[in-house]
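Read through the structure below, which is laid out as structure tokens, and then see the notes.
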Amino acid sequence: MSEALLVQEAGAAPAAAPASGARQFWRRLRAQRAATVAAAVVLLLFLAALAAPLLAALAGQDPDTYHPGLVDSAAGGVPVGSFGGISADHWFGVEPQTGRDLFARVVYGARVSLGVAVVATVLQVTIGVTVGLAAALGSRLLDQVLSRITDINVALPLMVIALGLLAIVPSSFPRPVLIALVIGGINWAGTSKIVRAQALALKSLDFVSAARLSGRGRWSIARRELLPSLAAPVITYAALLFPVNITVEAALSFLGVGIKPPTPSWGQMLTEADTWYQSAPTYLLLPAGLLFVTVLALTVLGEGVRTALDPRAASRLRIGTGREERQERTKERAS
Amino acid sequence: MSQPSVIPRRVATTAAVILVLVAGLAGCAGPRSDDGGGSGGGSGASGKPRKGGTLTVLNSNPQEDFDPARLYTSGGGNVPSLVFRTLTTRNREDGAAGAQVVPDLATSLGTPSKNATVWTYTLKDGLKYEDGTAITSADIKYGIERSFAAELSGGAPYLRDWLIGGADYQGPYKDKKGLDSIEVPDDRTIVFHLNKPEGEFPFLATQTQTTPVPRAKDTGTTYEEHPVSSGPYKVVSNENDGERLVLERNPHWSAKTDEERKAYPDRIDVRSGLDSAVINQRLSASQGADAAAVTTDTNLGPAELAKVSSDKKLAARVGTGHFGYTNYIAFNPKVKPFDNPKVRQAISYAVDRSSVINAAGGSSLAEPATTYLPNQKSFGHTPYDHFPAGETGNAAKAKELLKEAGYAKGLTVTLTHSNDKDFETSPEIATALQAALKKAGITVELKGLEGNDYSDTIHSAAKEPGFFLAHWGADWPSGGPFLAPIFDGRQIVKDGANFNTGFLDDPSVNKEIDEINKLTDLEAAAQRWGALDKKIGEKALTVPLFHPVYKRLFGQDVKNVVISDWTGVLDISQVAVK
């Protein structure tokens with residue numbers, strides 16, 4: 001998904017959600033079947049990641065033990081047995097050449113892929129909101145400076161900068177943390193632009209003017225009046241950023257500057273698997289499929305969140321308003 | 001932000017080979033595999049080989065700097081050897097016989113005298129260039145002198161090191177007088193005067209620097225665009241510095257003076273700069289011109305081998321070769337705890353060679369190594385296994401040694417490796433070792449370095465890590481170029497590229513190297529190299545891991561596949577496509 005599209009979509013969110021929004025939000029989210037399924041999938045993935053050691057222990061495996069006996073050494077190390085060596089012991093089969101258990105590697109890999117994305121997203125939102133608010137509320141000079149910095153940030157090619165940064169930082173620095181910092185530190189401009197634009201629009205509204213006239217300070221206004229109203233676009237944008245961050249981690253690991261072996265991550269597994277697509281297709285399909293499902297689920301969920309937070313969209317789609325139920329009842333009666 | 005695209009990761013393999021070439025340009029005797037390497041028999045399409053047709057060569061590395069002065073080859077190279085004849089050359093036969101050196105332009109391997117410091121060669125009768133003019137010994141002298149010119153650098157350093165006055169000679173463009181240590185008493189005789197005994201001079205004489213270059217036709221740095229051929233083929237076109245090289249028959253070459261090159265095809269079309277996956281895909285499809293295609297630098301990877309193994313027709317089109325090469329763990333005994341021989345021995349015992357071999361592509365692509373010298377006769381291979389680890393490692397023995405060394409509670413060490421995907425010093429190998437050493441209570445932290453950084457670091461006396469992955473290949477199939485750069489104490493380089501990574505400076509080892517260099521009986525020398533290797537092995541400065549095996553596809557019309565132990569790769573001069 002392109003940056004511009006994200007900004008546009010998030011920007012379409014309303015400036016202010018009603019005060020009693022939380023309940024309404026859940027109702028509207030639940031009313032969207034796709035979003036509910038997506039939320040369940042996401043929840044399942046996060047639980048699997050959190051419980052990785054438990055799940056691996058349940059399968060009686062760990063991600064780092066070599067099983068040389070389970071691969072055909074003379075044939076390049078292709079797993080013995082069909083579907084990549086799937087068996088009662090190895091639920092997802094084994095890795096070519098090493099015989100490491102793929103189920104264990106996939107659940108441990110989920111920790112890295114999802115963990116990095118969570119930290120990076122939180123970082124992006126924090127930086128974005130801070131910079132955006134400061135630009136909107138600060139002096140004209142501060143606004144100018146921050147806006148130019150944001151523009152530069154937008155212009156920075158994420159992958160190229162990330163490749164460079166990851167190449168120069170010493171390998172003693174914990175890799176997943178570093179990747180999260182790099183992704184989070186580079187890709188925050190979208191959030192900050194939205195926050196600044198919304199905050200400027202809100203600033204001229206009556207309730208903010210009233211607060212200002214009552215003598216309240218800038219940061220008090222920001223915290224009490226602006227932030228609650230900014231929640232909707234920010235959450236929406238974050239929900240759409242999250243899957244992007246997962247793919248960035250995967251891409252960086254795929255390019256060989258991401259997670260270092262033997263730590264598994266889905267992107268790193270994808271790298272290892274890409275030559276095996278003909279001789280051991282399951283090995284490639286596993287991380288690719290999981291990435292696909294995760295990113296799809298998160299994107300659908302993000303879209304659902306956006307819809308649920310946007311009363312216009314919600315009413316257009318007639319969700320969570322109770323109206324469609326009434327209409328159905330009317331139809332039933334009519335028939 | 002867009003979705004990651006599928007970028008072929010084979011790039012790294014190419015990078016590794018380029019790295020090797022760069023090491024050569026830096027003027028060091030780095031591990032080398034000119035057009036590739038490996039040996040052993042290969043099958044070919046049946047039927048008697050006949051003349052004619054076009055042979056296509058699909059390669060990843062271009063034939064850069066196609067000038068005999070600038071090429072760094074083992075045995076004259078594969079493609080270069082079609083155009084450049086040399087004083088001696090490699091025997092074009094399958095397997096171990098192919099690791100022998102045989103006369104080419106000369107009538108013999110050379111006549112040594114004075115303790116192998118003076119070598120005399122006589123040229124065959126009737127040798128001609130592509131324009132029909134006669135090849136003279138003065139042209140060979142001139143060809144060698146050219147390689148000393150700074151603008152034509154790139155070749156191996158041996159001539160500079162061995163010839164009297166070689167160290168200070170600036171080449172024929174600056175110094176018209178030439179090198180006095182190369183004498184040409186008549187048109188057919190050439191005499192070399194060396195500064196020390198070198199029994200293996202006939203091996204050195206296989207390199208393209210001994211190719212005759214007619215002084216009148218020398219165009220300096222542009223000579224590489226159209227070098228004057230002395231071999232069965234001449235250059236028709238050379239695009240983008242060897243990316244596409246087209247060769248056609250040299251009508252003045254005569255098979256009567258050349259027992260080694262068969263030269264069946266009429267035309268050779270070398271296309272380089274291809275991705276290795278593309279090369280293997282095209283060779284397995286074998287469509288159109290690719291049916292008469294071979295590769296001289298691209299191996300089958302593990303995954304490709306898995307695919308080929310399951311297809312009998314395809315498997316019949318794989319040439320298997322052994323190149324004299326060893327992948328090993330290197331220690332820097334100046335770094336703790338590797339100063340303690342017991343720690344080095346413990347690691348030697350703990351190594352799981354079966355998982356390392358799987359990581360390198362499995363038993364078809366790698367053979368376990370317990371000796372530093374390659375497992376070939378020409379190297380004088382003398383089997384030994386001083387610290388027997390068995391197939392999967394002896395963790396108990398390793399723990400015992402660690403306890404003796406004062407590390408009863410285990411030990412944490414850092415293993416430096418490269419990030420290249422070359423299945424040699426790559427993360428896969430490092431990770432396999434990490435898993436094996438864990439069983440012996442050794443926690444291994446991995447430190448991956450990018451290609452050039454890795455090469456610089458391990459070959460810098462100041463920056464060299466204590467524990468790292470390394471590999472070595474020889475410039476010719478003998479123990480000399482395999483052992484001397486690594487274990488000769490006088491070859492320790494403080495500033496610049498150092499290959500004696502164990503900083504071994506043992507007077508008895510140095511003396512034995514000098515003694516063997518005096519031998520002109522190559523078989524006797526080989527035996528002594530083998531014995532020396534066994535002796536050095538006791539010091540546990542390295543842990544030999546595996547010797548690679550090369551598996552390469554060729555097209556379905558390709559006949560007469562000959563793969564020697566010298567190069568490990570099918571010899572283009574023998575291939576027929578009709």
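Ordered as shown in the structure tokens, chains take letters A, B, and onward, while each chain numbers its residues from 1 and ligands are numbered from 1 in the order shown.
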- Using only C-alpha atoms, determine which residues lie at most 7 Å from range 277-293 of chain A, disregarding the query and same-chain residues fewer than 6 positions distant; provide the list as a count of residues only. 10
- Message: List as an NGL selection string the protein and nucleic acid residues near Leu70 in chain A, meaning an atom at most 8 Å away when only C-alpha atoms are counted, but skip any in the same chain fewer than 6 places from it.
- Response: :A and (79-80 or 85 or 94 or 99)
Please, could you write that set of residues out with N, CA and C atoms as an mmCIF file, in the first residue's frame?
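Output file out06.cif is given in full below:
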data_model
loop_
_atom_site.group_PDB
_atom_site.id
_atom_site.type_symbol
_atom_site.label_atom_id
_atom_site.label_comp_id
_atom_site.auth_asym_id
_atom_site.auth_seq_id
_atom_site.Cartn_x
_atom_site.Cartn_y
_atom_site.Cartn_z
ATOM 1 N N PRO A 79 14.190 -32.502 2.593
ATOM 2 C CA PRO A 79 13.590 -33.285 3.681
ATOM 3 C C PRO A 79 13.113 -34.651 3.197
ATOM 4 N N VAL A 80 13.302 -35.643 4.052
ATOM 5 C CA VAL A 80 12.837 -36.994 3.730
ATOM 6 C C VAL A 80 11.337 -37.044 3.994
ATOM 7 N N GLY A 85 8.524 -33.342 4.781
ATOM 8 C CA GLY A 85 8.833 -34.139 5.966
ATOM 9 C C GLY A 85 7.834 -33.968 7.094
ATOM 10 N N VAL A 94 10.265 -30.363 8.257
ATOM 11 C CA VAL A 94 11.576 -29.887 8.709
ATOM 12 C C VAL A 94 12.231 -29.036 7.630
ATOM 13 N N GLY A 99 17.287 -29.928 8.943
ATOM 14 C CA GLY A 99 16.341 -30.777 9.630
ATOM 15 C C GLY A 99 15.734 -30.126 10.869
#
- Where in range 142-254 of chain B does DSSP assign strand (DSSP E or B), given as number ranges by chain? B: 163, 182-186, 189-194, 233-239, 244-249
- If you count only C-alpha atoms, which residues fall within 8 Å of Ala110 in chain A, apart from same-chain ones fewer than 2 positions away, as an MDAnalysis selection string? chainID A and resid 45:46 48:49 106:108 112:115 265:266
Just C-alpha atoms for this one: save the residues we selected as a tab-separated table (two decimals), in the first residue's frame.
chain	number	residue	atom	x	y	z
A	45	LEU	CA	-1.23	-15.13	15.87
A	46	PHE	CA	-0.28	-12.92	18.79
A	48	ALA	CA	0.90	-18.16	19.28
A	49	ALA	CA	3.83	-15.76	19.31
A	106	VAL	CA	7.44	-20.62	12.66
A	107	VAL	CA	6.05	-19.88	16.13
A	108	TYR	CA	9.35	-18.44	17.31
A	112	VAL	CA	10.22	-11.57	15.96
A	113	SER	CA	7.97	-10.59	13.07
A	114	LEU	CA	5.10	-9.39	15.23
A	115	GLY	CA	7.27	-8.01	18.02
A	265	SER	CA	11.84	-14.66	11.58
A	266	TRP	CA	9.36	-15.12	8.77
- Message: as JSON, numbers by chain, please: every residue in range 340-517 of chain B that a backbone DSSP assignment puts in helix (DSSP H, G or I).
- Response: {"B": [341, 342, 343, 344, 345, 346, 347, 348, 349, 350, 353, 354, 355, 356, 357, 358, 359, 377, 378, 379, 395, 396, 397, 398, 399, 400, 401, 402, 403, 404, 427, 428, 429, 430, 431, 432, 433, 434, 435, 436, 437, 438, 451, 452, 453, 454, 455, 456, 457, 458, 479, 480, 481, 482, 483, 484, 485, 486, 487, 489, 490, 491, 507, 508, 509, 510, 511, 512, 513, 514, 515, 516, 517]}
- Exercise answer, chain A residues close to chain B, 7 Å and only C-alpha atoms, as a PyMOL selection string: chain A and resi 1-3+65+68+73-78+97-98+171+244+247+251+261-262+275-276+278-279
- Using only C-alpha atoms, which residues sit within 12 Å of Leu178 in chain A once same-chain residues fewer than 3 positions away are excluded, as a PyMOL selection string? chain A and resi 112+115-117+119-120+162-163+165-175+181-185+249+252+257-260
- Item | Selected residue, from B:Tyr550, B:Val562, B:Leu469, B:Asn332, that lies nearest to Thr501 in chain B when counting only C-alpha atoms | B:Asn332
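Distance annotation: of A:Ala250, A:Arg23, A:Ala35, A:Asn245, the residue with the minimal separation from Gly302 in chain A is A:Ala35; atom set is only C-alpha atoms.
Relative to CA of Pro80 in chain B, CA of Phe66 in chain B is found at 7.5 Å.
Using only C-alpha atoms, the residues found no farther than 9 Å from range 221-226 of chain B, other than those of its own chain fewer than 5 positions away, are Glu64, Asp65, Phe66, Asp67, Pro68, Arg70, Glu151, Leu152, Lys234, Val235, Val236, Ser237, Asn238, Glu239, Asp241 and Gly242 of chain B.
Residue nearest His471 in chain B within the list B:Leu245, B:Leu415, B:Ala315, B:Ile458: B:Ile458 [criterion: smallest interatomic distance, only C-alpha atoms].
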- Just the residues within 6 Å of range 132-146 of chain A, please, counting only C-alpha atoms, with nothing from its chain fewer than 2 positions along; format it as JSON, numbers by chain. {"A": [128, 129, 130, 148, 149, 192, 195, 196, 200]}
Grab the residues selected above and save them as an mmCIF file, in the first residue's frame with N, CA and C atoms.
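Heads up, here's the output in out-v4.cif:
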data_model
loop_
_atom_site.group_PDB
_atom_site.id
_atom_site.type_symbol
_atom_site.label_atom_id
_atom_site.label_comp_id
_atom_site.auth_asym_id
_atom_site.auth_seq_id
_atom_site.Cartn_x
_atom_site.Cartn_y
_atom_site.Cartn_z
ATOM 1 N N GLY A 128 5.381 10.506 15.644
ATOM 2 C CA GLY A 128 4.481 11.217 14.733
ATOM 3 C C GLY A 128 3.555 12.161 15.476
ATOM 4 N N VAL A 129 2.944 11.674 16.553
ATOM 5 C CA VAL A 129 2.007 12.497 17.315
ATOM 6 C C VAL A 129 2.748 13.669 17.961
ATOM 7 N N THR A 130 3.897 13.391 18.567
ATOM 8 C CA THR A 130 4.660 14.447 19.226
ATOM 9 C C THR A 130 5.050 15.540 18.242
ATOM 10 N N ARG A 148 9.437 20.935 7.769
ATOM 11 C CA ARG A 148 10.483 20.621 6.778
ATOM 12 C C ARG A 148 11.142 19.277 7.122
ATOM 13 N N ILE A 149 11.373 19.075 8.433
ATOM 14 C CA ILE A 149 11.968 17.788 8.837
ATOM 15 C C ILE A 149 11.049 16.639 8.417
ATOM 16 N N SER A 192 2.746 12.113 11.588
ATOM 17 C CA SER A 192 2.935 13.494 12.020
ATOM 18 C C SER A 192 2.186 14.461 11.103
ATOM 19 N N VAL A 195 -1.531 14.269 12.056
ATOM 20 C CA VAL A 195 -1.774 14.886 13.359
ATOM 21 C C VAL A 195 -1.705 16.401 13.238
ATOM 22 N N ARG A 196 -0.708 16.901 12.513
ATOM 23 C CA ARG A 196 -0.580 18.352 12.384
ATOM 24 C C ARG A 196 -1.811 18.940 11.685
ATOM 25 N N LEU A 200 -4.485 21.407 13.492
ATOM 26 C CA LEU A 200 -4.699 22.772 13.001
ATOM 27 C C LEU A 200 -6.186 23.016 12.754
#
- Work out how far apart CA of Arg215 in chain B and CA of Asp269 in chain B are and give it in Å to one decimal. 28.2 Å
